[in-house]
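Asker: Okay, so here is entry_34.cif, and as you'll see once you scroll down, it has mmCIF, C-alpha atoms.
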data_model
loop_
_atom_site.label_atom_id
_atom_site.label_comp_id
_atom_site.auth_asym_id
_atom_site.auth_seq_id
_atom_site.Cartn_x
_atom_site.Cartn_y
_atom_site.Cartn_z
CA MET A 191 111.51 374.65 50.30
CA THR A 192 109.30 375.79 47.40
CA ASP A 193 105.75 377.09 47.71
CA HIS A 194 104.39 374.19 45.67
CA ARG A 195 106.03 371.36 47.59
CA LEU A 196 103.82 369.65 50.15
CA PRO A 197 104.90 370.01 53.81
CA ALA A 198 105.35 366.26 54.30
CA TYR A 199 106.51 366.35 57.92
CA ALA A 200 103.58 368.53 58.96
CA ILE A 201 101.06 366.29 57.15
CA LEU A 202 102.44 363.07 58.66
CA SER A 203 102.68 364.54 62.17
CA LEU A 204 99.18 365.97 62.04
CA GLY A 205 97.88 362.71 60.58
CA LEU A 206 99.02 360.85 63.68
CA THR A 207 97.76 363.49 66.11
CA GLN A 208 94.38 363.63 64.35
CA ILE A 209 94.00 359.84 64.66
CA ILE A 210 94.63 360.16 68.39
CA GLY A 211 92.58 363.34 68.74
CA TYR A 212 89.46 361.98 67.07
CA GLY A 213 89.92 358.47 68.41
CA THR A 214 90.22 359.50 72.06
CA LEU A 215 87.95 362.55 72.16
CA TYR A 216 85.18 361.45 69.77
CA TYR A 217 84.97 357.90 68.43
CA SER A 218 85.65 356.17 71.75
CA PHE A 219 82.62 357.78 73.39
CA SER A 220 80.01 355.54 71.73
CA VAL A 221 81.86 352.46 73.05
CA LEU A 222 82.31 353.87 76.57
CA ALA A 223 78.86 355.48 76.96
CA PRO A 224 77.10 352.38 78.42
CA SER A 225 79.87 351.92 81.02
CA ILE A 226 79.77 355.62 81.88
CA ALA A 227 75.99 355.42 82.33
CA ASP A 228 76.32 352.36 84.59
CA GLY A 229 78.99 354.08 86.66
CA TYR A 230 76.75 357.04 87.41
CA GLN A 231 73.58 354.91 87.60
CA ALA A 232 72.10 356.87 84.73
CA THR A 233 70.62 356.11 81.32
CA THR A 234 72.57 356.23 78.08
CA GLU A 235 70.20 359.03 76.97
CA TRP A 236 71.48 361.07 79.92
CA VAL A 237 75.08 360.41 78.91
CA TYR A 238 74.43 361.48 75.30
CA GLY A 239 72.57 364.52 76.61
CA ILE A 240 75.70 365.52 78.51
CA LEU A 241 77.72 365.05 75.34
CA SER A 242 75.31 367.40 73.55
CA ILE A 243 75.83 370.04 76.25
CA ALA A 244 79.59 369.61 75.96
CA LEU A 245 79.54 369.95 72.17
CA LEU A 246 77.36 373.05 72.50
CA ALA A 247 79.87 374.67 74.84
CA GLY A 248 82.68 373.86 72.40
CA GLY A 249 80.66 375.42 69.59
CA VAL A 250 80.05 378.65 71.48
CA LEU A 251 83.79 379.12 72.05
CA ALA A 252 84.88 378.09 68.52
CA PRO A 253 84.80 381.60 66.91
CA TRP A 254 87.01 383.01 69.67
CA LEU A 255 89.41 380.07 69.32
CA GLY A 256 89.52 380.62 65.54
CA LYS A 257 90.60 384.23 66.02
CA LEU A 258 93.20 383.06 68.53
CA ILE A 259 94.59 380.64 65.93
CA ASP A 260 95.01 383.50 63.43
CA ARG A 261 96.66 385.71 66.05
CA LEU A 262 99.00 383.27 67.82
CA GLY A 263 99.46 380.54 65.22
CA ALA A 264 97.76 377.16 64.90
CA ALA A 265 100.83 375.16 65.95
CA GLN A 266 101.12 377.03 69.24
CA ILE A 267 97.41 376.58 69.95
CA MET A 268 97.57 372.85 69.16
CA THR A 269 100.56 372.41 71.49
CA VAL A 270 98.67 374.00 74.37
CA GLY A 271 95.58 372.04 73.25
CA SER A 272 97.38 368.71 73.67
CA ALA A 273 98.22 369.50 77.28
CA PHE A 274 94.69 370.79 77.83
CA ALA A 275 93.16 367.63 76.29
CA ALA A 276 95.27 365.40 78.55
CA LEU A 277 94.26 367.40 81.62
CA ALA A 278 90.59 367.32 80.58
CA LEU A 279 90.64 363.53 80.16
CA ILE A 280 92.28 363.10 83.57
CA LEU A 281 89.65 365.33 85.19
CA CYS A 282 86.90 363.41 83.42
CA ALA A 283 88.28 360.08 84.59
CA THR A 284 88.48 361.27 88.19
CA SER A 285 85.06 362.97 88.32
CA PRO A 286 83.60 362.06 91.75
CA ASN A 287 79.95 362.52 90.74
CA SER A 288 77.65 363.16 87.80
CA LEU A 289 77.75 366.96 88.19
CA ALA A 290 81.55 366.95 88.02
CA PHE A 291 81.36 364.67 84.97
CA ILE A 292 79.15 367.20 83.18
CA VAL A 293 81.72 369.93 83.76
CA THR A 294 84.76 367.85 82.85
CA LEU A 295 83.23 366.38 79.68
CA THR A 296 82.51 369.94 78.60
CA VAL A 297 86.19 370.74 79.14
CA VAL A 298 87.08 367.70 76.99
CA GLU A 299 85.00 368.98 74.07
CA ILE A 300 86.46 372.47 74.37
CA ALA A 301 89.93 370.90 74.26
CA ALA A 302 88.90 368.97 71.13
CA ASN A 303 88.50 372.25 69.24
CA LEU A 304 92.16 373.01 69.91
CA VAL A 305 93.57 369.78 68.46
CA GLN A 306 91.19 368.48 65.79
CA TYR A 307 90.56 369.32 62.12
CA GLY A 308 89.71 373.04 62.46
CA ALA A 309 93.10 373.85 63.99
CA ALA A 310 94.97 371.31 61.84
CA PHE A 311 93.57 372.72 58.59
CA ALA A 312 94.45 376.24 59.72
CA LEU A 313 98.01 375.11 60.43
CA LEU A 314 98.40 373.69 56.92
CA VAL A 315 97.04 376.93 55.46
CA GLN A 316 99.42 378.99 57.59
CA ILE A 317 102.42 376.87 56.57
CA LYS A 318 101.72 376.80 52.81
CA PRO A 319 98.47 378.36 51.57
CA VAL A 320 99.18 377.59 47.89
CA VAL A 321 99.17 373.80 48.43
CA ALA A 322 96.82 373.75 51.42
CA GLN A 323 93.96 372.08 49.51
CA ARG A 324 96.23 369.17 48.54
CA SER A 325 97.69 369.04 52.05
CA ILE A 326 94.19 368.77 53.53
CA VAL A 327 93.40 365.81 51.25
CA TYR A 328 96.54 363.96 52.38
CA LEU A 329 95.88 364.77 56.03
CA THR A 330 92.30 363.49 55.94
CA LEU A 331 93.53 360.37 54.15
CA ILE A 332 95.74 359.50 57.14
CA ALA A 333 93.30 360.64 59.82
CA GLY A 334 90.55 358.48 58.32
CA PHE A 335 91.94 355.52 60.23
CA ALA A 336 90.82 357.02 63.57
CA SER A 337 87.54 355.11 63.81
CA THR A 338 89.03 351.90 62.41
CA ILE A 339 91.70 351.95 65.11
CA PHE A 340 89.87 353.36 68.12
CA TRP A 341 86.48 351.61 67.93
CA PRO A 342 88.03 348.12 68.27
CA LEU A 343 90.90 349.38 70.45
CA THR A 344 88.51 350.94 72.96
CA SER A 345 86.34 347.80 72.96
CA LEU A 346 89.46 345.69 73.61
CA LEU A 347 90.68 347.92 76.42
CA LEU A 348 87.24 347.82 78.01
CA GLN A 349 87.68 344.08 78.58
CA TRP A 350 90.53 344.76 81.04
CA LEU A 351 90.16 348.38 82.14
CA THR A 352 87.39 350.62 83.43
CA TRP A 353 86.31 353.60 81.34
CA GLN A 354 88.15 355.85 83.80
CA GLN A 355 91.40 353.94 83.32
CA ILE A 356 90.96 354.06 79.54
CA TYR A 357 90.62 357.85 79.68
CA LEU A 358 93.86 357.99 81.68
CA VAL A 359 95.59 355.93 78.98
CA PHE A 360 94.21 358.30 76.35
CA ALA A 361 95.50 361.29 78.34
CA GLY A 362 98.95 359.72 78.18
CA LEU A 363 98.75 359.53 74.38
CA HIS A 364 98.13 363.27 74.18
CA LEU A 365 101.07 364.02 76.48
CA VAL A 366 103.59 361.54 75.09
CA ILE A 367 102.80 361.69 71.37
CA CYS A 368 100.62 364.66 70.39
CA LEU A 369 102.20 367.40 72.51
CA PRO A 370 105.79 366.82 71.27
CA LEU A 371 104.64 366.61 67.65
CA HIS A 372 102.59 369.80 67.86
CA TYR A 373 105.49 371.55 69.57
CA SER A 374 107.83 370.46 66.77
CA LEU A 375 105.42 372.03 64.28
CA THR A 376 105.76 375.38 66.00
CA ARG A 377 109.43 375.20 65.08
CA THR A 378 108.58 374.08 61.52
CA SER A 379 106.26 377.06 61.07
CA LYS A 380 108.87 379.45 62.43
CA THR A 381 111.57 377.96 60.18
CA ILE A 382 109.45 378.42 57.06
CA HIS A 383 108.55 381.96 58.08
CA ASP A 384 112.21 382.84 58.74
CA GLN A 385 113.30 381.32 55.41
CA ARG A 386 110.78 383.43 53.53
CA LYS A 387 111.84 386.52 55.46
CA ASN A 388 115.54 385.93 54.71
CA ASP A 389 114.74 385.33 51.03
CA GLY A 390 112.73 388.55 50.91
CA LYS A 391 109.54 386.69 49.96
CA GLU A 392 106.04 387.44 51.09
CA ILE A 393 103.97 384.53 52.33
CA SER A 394 101.84 383.37 49.39
CA SER A 395 98.10 383.70 49.76
CA VAL A 396 95.09 382.18 48.03
CA ALA A 397 92.24 384.28 46.66
CA GLY A 398 88.67 382.99 46.88
CA THR A 399 86.60 382.20 43.78
CA LEU A 400 83.31 383.61 45.10
CA PRO A 401 82.73 387.27 44.10
CA LEU A 402 83.17 389.73 46.96
CA ALA A 403 79.59 390.99 46.66
CA SER A 404 78.25 387.45 47.18
CA ARG A 405 80.48 386.33 50.04
CA ARG A 406 78.16 387.24 52.90
CA LYS A 407 75.27 385.28 51.38
CA GLY A 408 77.65 382.53 50.32
CA PHE A 409 78.99 382.18 53.85
CA VAL A 410 75.48 381.84 55.29
CA VAL A 411 74.58 379.16 52.74
CA LEU A 412 77.84 377.28 53.35
CA LEU A 413 77.45 377.55 57.11
CA THR A 414 73.94 376.09 56.92
CA ALA A 415 75.01 373.27 54.60
CA PHE A 416 77.95 372.33 56.81
CA SER A 417 75.72 372.42 59.90
CA LEU A 418 73.12 370.09 58.41
CA GLN A 419 75.75 367.65 57.20
CA ALA A 420 77.53 367.74 60.57
CA LEU A 421 74.20 367.03 62.24
CA ILE A 422 73.77 363.87 60.16
CA SER A 423 77.35 362.71 60.63
CA SER A 424 77.30 363.29 64.38
CA ALA A 425 73.98 361.50 64.85
CA ILE A 426 75.00 358.41 62.90
CA LEU A 427 78.63 358.13 63.99
CA VAL A 428 77.91 358.37 67.70
CA HIS A 429 75.11 355.80 67.37
CA MET A 430 76.53 353.60 64.61
CA ILE A 431 76.79 350.41 66.68
CA PRO A 432 73.47 350.74 68.61
CA LEU A 433 71.63 351.78 65.42
CA LEU A 434 72.75 348.63 63.63
CA ALA A 435 71.77 346.55 66.68
CA ILE A 436 68.23 347.99 66.67
CA LEU A 437 67.94 347.06 63.00
CA GLY A 438 68.68 343.42 63.85
CA LEU A 439 72.40 343.48 63.11
CA ALA A 440 73.76 343.27 66.66
CA LYS A 441 76.05 340.30 65.96
CA SER A 442 77.55 341.96 62.88
CA ALA A 443 77.50 345.57 64.12
CA ALA A 444 81.18 345.74 65.08
CA PHE A 445 82.28 344.29 61.73
CA ILE A 446 79.95 346.56 59.74
CA GLY A 447 81.06 349.58 61.73
CA ALA A 448 84.68 348.70 61.05
CA VAL A 449 83.99 348.98 57.29
CA PHE A 450 83.26 352.69 57.76
CA GLY A 451 86.88 353.70 58.48
CA PRO A 452 88.51 352.05 55.44
CA SER A 453 85.71 353.46 53.27
CA GLN A 454 86.57 356.97 54.47
CA VAL A 455 90.19 356.34 53.59
CA ALA A 456 89.29 354.82 50.22
CA SER A 457 87.19 357.85 49.22
CA ARG A 458 90.06 360.19 50.09
CA LEU A 459 92.58 358.01 48.27
CA ILE A 460 90.40 357.92 45.13
CA ASN A 461 89.92 361.67 45.33
CA MET A 462 93.66 362.19 45.75
CA MET A 463 94.47 360.05 42.72
CA ALA A 464 91.59 360.82 40.35
CA GLY A 465 89.72 363.80 41.73
CA LYS A 466 92.10 366.63 40.93
CA ALA A 467 89.77 367.93 38.22
CA LEU A 468 86.87 368.14 40.69
CA SER A 469 86.36 371.47 42.39
CA PRO A 470 85.61 371.39 46.14
CA VAL A 471 82.01 372.46 45.51
CA ASN A 472 81.41 369.53 43.14
CA LEU A 473 83.03 367.27 45.72
CA ALA A 474 80.56 368.61 48.31
CA VAL A 475 77.57 367.68 46.14
CA ILE A 476 78.98 364.17 45.66
CA ALA A 477 79.61 363.77 49.41
CA ALA A 478 76.05 364.76 50.30
CA SER A 479 74.68 362.38 47.66
CA PHE A 480 76.66 359.44 49.06
CA ILE A 481 75.40 360.09 52.60
CA THR A 482 71.77 360.37 51.50
CA LEU A 483 71.99 357.22 49.40
CA SER A 484 73.66 355.28 52.21
CA VAL A 485 70.87 355.97 54.71
CA MET A 486 68.24 355.08 52.09
CA ILE A 487 69.92 351.73 51.51
CA LEU A 488 70.12 351.02 55.25
CA MET A 489 66.46 351.92 55.71
CA ILE A 490 65.33 349.66 52.87
CA GLY A 491 67.84 346.83 53.15
CA ALA A 492 68.30 346.13 56.88
CA PRO A 493 68.61 343.61 58.47
CA TYR A 494 70.37 342.08 55.46
CA ILE A 495 74.11 342.21 56.05
CA PRO A 496 75.11 343.09 52.43
CA ALA A 497 72.83 346.14 52.55
CA ALA A 498 74.32 347.21 55.89
CA ILE A 499 77.86 346.81 54.55
CA LEU A 500 76.93 348.89 51.49
CA PHE A 501 75.50 351.52 53.85
CA ALA A 502 78.77 351.64 55.82
CA CYS A 503 80.80 351.91 52.61
CA LEU A 504 78.74 354.72 51.08
CA PHE A 505 78.42 356.57 54.37
CA GLY A 506 82.19 356.26 54.78
CA PHE A 507 82.69 357.61 51.25
CA GLY A 508 80.44 360.61 51.92
CA ASN A 509 81.82 361.36 55.37
CA GLY A 510 85.38 360.98 54.13
CA LEU A 511 84.79 363.54 51.40
CA PHE A 512 82.98 365.81 53.86
CA SER A 513 86.13 365.96 55.99
CA ILE A 514 88.04 367.18 52.94
CA ILE A 515 85.55 369.83 51.89
CA SER A 516 85.18 371.16 55.43
CA GLY A 517 88.74 372.39 55.04
CA SER A 518 89.08 372.94 51.29
CA LEU A 519 85.70 374.45 50.34
CA PRO A 520 85.98 377.54 52.60
CA LEU A 521 89.51 378.09 51.28
CA TYR A 522 88.28 377.67 47.68
CA LEU A 523 85.35 380.07 48.11
CA PHE A 524 86.79 382.75 50.41
CA GLY A 525 90.60 382.47 50.22
CA SER A 526 93.29 382.11 52.89
CA ALA A 527 92.98 385.53 54.56
CA GLY A 528 91.53 385.11 58.06
CA TYR A 529 91.14 381.39 57.48
CA GLY A 530 91.39 380.48 61.19
CA ALA A 531 88.63 382.89 62.21
CA MET A 532 86.46 381.69 59.32
CA GLN A 533 86.94 378.06 60.35
CA GLY A 534 86.05 379.05 63.91
CA LYS A 535 82.72 380.52 62.80
CA LEU A 536 81.92 377.50 60.64
CA MET A 537 82.93 375.11 63.41
CA SER A 538 80.79 377.02 65.90
CA ALA A 539 77.61 376.71 63.86
CA ARG A 540 78.29 373.07 63.07
CA LEU A 541 78.92 372.17 66.70
CA VAL A 542 75.98 374.14 68.06
CA LEU A 543 73.56 372.45 65.68
CA SER A 544 75.16 369.00 65.84
CA ALA A 545 75.28 369.23 69.64
CA ILE A 546 71.66 368.12 69.73
CA ALA A 547 72.38 365.11 67.51
CA PRO A 548 73.59 362.52 70.07
CA PHE A 549 70.74 363.18 72.51
CA ALA A 550 68.10 363.67 69.81
CA MET A 551 69.13 360.46 68.06
CA ALA A 552 69.11 358.49 71.31
CA PHE A 553 65.68 359.91 72.22
CA ALA A 554 64.25 359.21 68.76
CA LEU A 555 65.54 355.64 68.66
CA LYS A 556 64.00 354.92 72.06
CA ASN A 557 60.65 356.69 71.61
CA THR A 558 59.86 356.42 67.90
CA SER A 559 60.34 353.94 65.09
CA VAL A 560 63.89 353.55 63.84
CA TYR A 561 62.50 353.96 60.32
CA ILE A 562 60.96 357.34 61.18
CA THR A 563 64.33 358.40 62.54
CA LEU A 564 66.10 357.33 59.35
CA ALA A 565 63.47 359.10 57.21
CA ILE A 566 64.13 362.37 59.04
CA ILE A 567 67.87 361.92 58.50
CA ILE A 568 67.29 361.44 54.77
CA VAL A 569 65.24 364.65 54.50
CA VAL A 570 67.90 366.68 56.35
CA SER A 571 70.65 365.20 54.19
CA ILE A 572 68.80 366.10 50.97
CA ALA A 573 68.38 369.67 52.24
CA GLY A 574 72.11 369.95 52.91
CA GLY A 575 72.97 368.65 49.45
CA GLY A 576 70.59 371.18 47.89
CA LEU A 577 72.48 374.03 49.54
CA TYR A 578 75.76 372.89 48.00
CA PHE A 579 74.01 372.93 44.64
CA ILE A 580 72.95 376.54 45.28
CA ILE A 581 76.60 377.43 45.89
CA LYS A 582 77.57 375.67 42.66
CA GLN A 583 74.96 377.61 40.70
CA GLY A 584 76.14 380.83 42.36
CA LEU A 585 79.68 380.24 41.12
CA GLN A 586 78.41 379.56 37.63
CA THR A 587 76.47 382.84 37.56
CA ARG A 588 79.23 384.59 39.57
CA ALA A 589 76.69 385.66 42.20
CA LEU A 590 74.35 384.23 44.82
CA ASN A 591 71.00 385.89 44.21
#
Could you quickly redo this structure as structure tokens?
Answerer:
Amino acid sequence: MTDHRLPAYAILSLGLTQIIGYGTLYYSFSVLAPSIADGYQATTEWVYGILSIALLAGGVLAPWLGKLIDRLGAAQIMTVGSAFAALALILCATSPNSLAFIVTLTVVEIAANLVQYGAAFALLVQIKPVVAQRSIVYLTLIAGFASTIFWPLTSLLLQWLTWQQIYLVFAGLHLVICLPLHYSLTRTSKTIHDQRKNDGKEISSVAGTLPLASRRKGFVVLLTAFSLQALISSAILVHMIPLLAILGLAKSAAFIGAVFGPSQVASRLINMMAGKALSPVNLAVIAASFITLSVMILMIGAPYIPAAILFACLFGFGNGLFSIISGSLPLYLFGSAGYGAMQGKLMSARLVLSAIAPFAMAFALKNTSVYITLAIIIVVSIAGGGLYFIIKQGLQTRALN
């Protein structure tokens, strides 16, 4: 196995587990939230507020989990994470009251950090750092089908099952599919390591492009940019269907929302085929521009269906590229050394800031104009894109002043 050959088995296995991980622990929540609220005789704002608390808890623990990934290995952590995610979903489904639900949903979001992109990207870097950027592109291409599969799947299941029963089904997916695949990757990682050791080769590493003197400032700028973009993505994705309904697109909301997933995949496929000449920082600027433009079009064009479809396409393009750069840009700027810990810090800031997004978006949509809400999102998105441009200029001058 050469250093420049993609780890196909790892990419395909992680692609499937990421579809399940994001589908069960993230995308399904917006479909199940009204049923959860009814079950606890609460408002949907309360449910999204609990989600914000859960995301915040996950963000606080993310740096520690990142260090653990570097120390023990991402595959081992993801294997344990699959069992933990299944247990968390079972506890959530069997919560006897609202207080228990708060605790168990928090456990679900902590488990998500162990099995989603942060850990998966670290695993690809640990297996083969030299081709990790390409591996991340292929992985996000596969995982982009999560929303396309799980939004309609969850809606379909909700016609026959309660939200508690659906969470039990999802727990089964983590135990039956994700856990064995993650465990097999622990053996893959060990095999590669042993082969290199027997051949007398050191594990290849990747050096960052940002000058050492500028890395502290560069990390702060990148962390802020990622946080702002995660805030936008979290707010819109969790509220995609209700947002479209408020704008007069209730009958078409499910169809328009379904366009988002294929658009994510399309952006990653185009980037894989034609974007090799683009550096991750240029890709970040393009991603932010797509997201800003998409919200502008929705704000101006709704309730016309073509405008809403164009919004879903462009937002899918931007969010799809954002998933790539969240793994490839830190590697490009800072290198592969300590990548797990670095991802943990970035994930922590993103989760802590984006934790307010579900509740804040629900509150804003209920208490202010939907157009004011969209205007705020546009301003935040422009700010995030500007920070990527600062990073780009810093690379051109070889320093962030």
Asker: Can you list, as a ChimeraX atom specification, the residues that the PyMOL selection byres ((chain A and resi 219) around 12) selects here?
Answerer: /A:212-218,220-227,234,237-238,240-241,279,295,298-299,337,340-341,344-345,348,353-354,356-357,360,424,427-431,548
Asker: Write a file of the selected residues as a JSON list (two decimals), keeping the file's coordinate frame, keeping C-alpha atoms.
Answerer:
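Below you can see result.json, which holds the result:
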[["chain", "number", "residue", "atom", "x", "y", "z"],
["A", 212, "TYR", "CA", 89.46, 361.98, 67.07],
["A", 213, "GLY", "CA", 89.92, 358.47, 68.41],
["A", 214, "THR", "CA", 90.22, 359.50, 72.06],
["A", 215, "LEU", "CA", 87.95, 362.55, 72.16],
["A", 216, "TYR", "CA", 85.18, 361.45, 69.77],
["A", 217, "TYR", "CA", 84.97, 357.90, 68.43],
["A", 218, "SER", "CA", 85.65, 356.17, 71.75],
["A", 220, "SER", "CA", 80.01, 355.54, 71.73],
["A", 221, "VAL", "CA", 81.86, 352.46, 73.05],
["A", 222, "LEU", "CA", 82.31, 353.87, 76.57],
["A", 223, "ALA", "CA", 78.86, 355.48, 76.96],
["A", 224, "PRO", "CA", 77.10, 352.38, 78.42],
["A", 225, "SER", "CA", 79.87, 351.92, 81.02],
["A", 226, "ILE", "CA", 79.77, 355.62, 81.88],
["A", 227, "ALA", "CA", 75.99, 355.42, 82.33],
["A", 234, "THR", "CA", 72.57, 356.23, 78.08],
["A", 237, "VAL", "CA", 75.08, 360.41, 78.91],
["A", 238, "TYR", "CA", 74.43, 361.48, 75.30],
["A", 240, "ILE", "CA", 75.70, 365.52, 78.51],
["A", 241, "LEU", "CA", 77.72, 365.05, 75.34],
["A", 279, "LEU", "CA", 90.64, 363.53, 80.16],
["A", 295, "LEU", "CA", 83.23, 366.38, 79.68],
["A", 298, "VAL", "CA", 87.08, 367.70, 76.99],
["A", 299, "GLU", "CA", 85.00, 368.98, 74.07],
["A", 337, "SER", "CA", 87.54, 355.11, 63.81],
["A", 340, "PHE", "CA", 89.87, 353.36, 68.12],
["A", 341, "TRP", "CA", 86.48, 351.61, 67.93],
["A", 344, "THR", "CA", 88.51, 350.94, 72.96],
["A", 345, "SER", "CA", 86.34, 347.80, 72.96],
["A", 348, "LEU", "CA", 87.24, 347.82, 78.01],
["A", 353, "TRP", "CA", 86.31, 353.60, 81.34],
["A", 354, "GLN", "CA", 88.15, 355.85, 83.80],
["A", 356, "ILE", "CA", 90.96, 354.06, 79.54],
["A", 357, "TYR", "CA", 90.62, 357.85, 79.68],
["A", 360, "PHE", "CA", 94.21, 358.30, 76.35],
["A", 424, "SER", "CA", 77.30, 363.29, 64.38],
["A", 427, "LEU", "CA", 78.63, 358.13, 63.99],
["A", 428, "VAL", "CA", 77.91, 358.37, 67.70],
["A", 429, "HIS", "CA", 75.11, 355.80, 67.37],
["A", 430, "MET", "CA", 76.53, 353.60, 64.61],
["A", 431, "ILE", "CA", 76.79, 350.41, 66.68],
["A", 548, "PRO", "CA", 73.59, 362.52, 70.07]]
Asker: If we draw a sphere of 9 Å around (66.2, 353.2, 60.6), which residues have at least one atom in it when counting all atoms listed in the file? Please report them as a PyMOL selection string.
Answerer: chain A and resi 433-434+436-437+485-486+488-490+492+555+559-565
Asker: Go ahead and fit an axis-aligned box to every listed atom of segment 484-501 of chain A plus 5 Å each side, and pass me the centre and edge lengths in Å, one decimal, as lines of an AutoDock Vina configuration file.
Answerer:
center_x = 71.6
center_y = 349.0
center_z = 55.0
size_x = 22.5
size_y = 23.9
size_z = 17.0
Asker: Taking the file as shown, find all residues satisfying the PyMOL selection byres ((chain A and resi 369) around 10) and write them as a PyMOL selection string.
Answerer: chain A and resi 207+268-276+305+363-368+370-375
Asker: Just checking: using all atoms listed in the file, which residue out of A:Tyr230, A:Phe524, A:Tyr199, A:Phe335 ends up closest to Pro286 of chain A?
Answerer: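 The answer is A:Tyr230, which sits nearest to Pro286 of chain A.
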Asker: Run the PyMOL selection byres ((chain A and resi 579) around 12) on the file and write out the hits as an MDAnalysis selection string.
Answerer: chainID A and resid 408 411:412 415 470:479 572:578 580:586 590
Asker: When you count all atoms listed in the file, which of these residues is closest to Ala333 of chain A: A:Arg540, A:Arg195, A:Arg458, A:Lys535?
Answerer: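 For Ala333 of chain A, the nearest of the candidates is A:Arg458.
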Asker: Counting all atoms listed in the file, what is within 7 Å of Ile280 of chain A, bar same-chain residues fewer than 2 positions away, as a PDB file with C-alpha atoms, keeping the file's coordinate frame?
Answerer:
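Full text of result32.pdb as output:
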ATOM      1  CA  ALA A 276      95.270 365.400  78.550  1.00  0.00           C
ATOM      2  CA  LEU A 277      94.260 367.400  81.620  1.00  0.00           C
ATOM      3  CA  ALA A 278      90.590 367.320  80.580  1.00  0.00           C
ATOM      4  CA  CYS A 282      86.900 363.410  83.420  1.00  0.00           C
ATOM      5  CA  ALA A 283      88.280 360.080  84.590  1.00  0.00           C
ATOM      6  CA  THR A 284      88.480 361.270  88.190  1.00  0.00           C
ATOM      7  CA  TYR A 357      90.620 357.850  79.680  1.00  0.00           C
ATOM      8  CA  LEU A 358      93.860 357.990  81.680  1.00  0.00           C
ATOM      9  CA  ALA A 361      95.500 361.290  78.340  1.00  0.00           C
TER      10      ALA A 361
END
Asker: With all atoms listed in the file as the atoms that count, which of A:Tyr522, A:Phe507, A:Phe445, A:Phe291 lies nearest to Leu400 of chain A?
Answerer: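 For Leu400 of chain A, the nearest of the given residues is A:Tyr522.
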Asker: I want to know what sits within 8 Å of Ile259 of chain A, based on only C-alpha atoms, with residues of the same chain fewer than 4 positions away left out; could you give that as a list in words?
Answerer: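 Final neighbour list, sorted by chain and number: Leu255, Gly263, Ala264, Ile267, Ala309, Ala312, Gly530 and Ala531 of chain A.
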Asker: Of the residues A:Ile514, A:Tyr328, A:Gln316, A:Ala552, which is the one nearest to Arg261 of chain A, using all atoms listed in the file?
Answerer: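 Looking at the shortest contact to Arg261 of chain A, the residue is A:Gln316.
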Asker: A:Ala545, A:Leu459, A:Val320, A:Ile332: which is nearest Ala397 of chain A, counting all atoms listed in the file?
Answerer: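 Among A:Ala545, A:Leu459, A:Val320, A:Ile332, it is A:Val320 that comes nearest to Ala397 of chain A.
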Asker: Excluding Ala539 of chain A and any residue of its chain fewer than 4 positions from it, enumerate the residues within 7 Å of it, using all atoms listed in the file, and give them as a list in words.
Answerer: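 Counting all atoms listed in the file, the residues come to Gly249, Leu413, Ser417, Lys535 and Leu543 of chain A.
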Asker: Based on the selection just made, write C-alpha atoms of those residues as a PDB file, keeping the file's coordinate frame.
Answerer:
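Saved as selection03.pdb:
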ATOM      1  CA  GLY A 249      80.660 375.420  69.590  1.00  0.00           C
ATOM      2  CA  LEU A 413      77.450 377.550  57.110  1.00  0.00           C
ATOM      3  CA  SER A 417      75.720 372.420  59.900  1.00  0.00           C
ATOM      4  CA  LYS A 535      82.720 380.520  62.800  1.00  0.00           C
ATOM      5  CA  LEU A 543      73.560 372.450  65.680  1.00  0.00           C
TER       6      LEU A 543
END
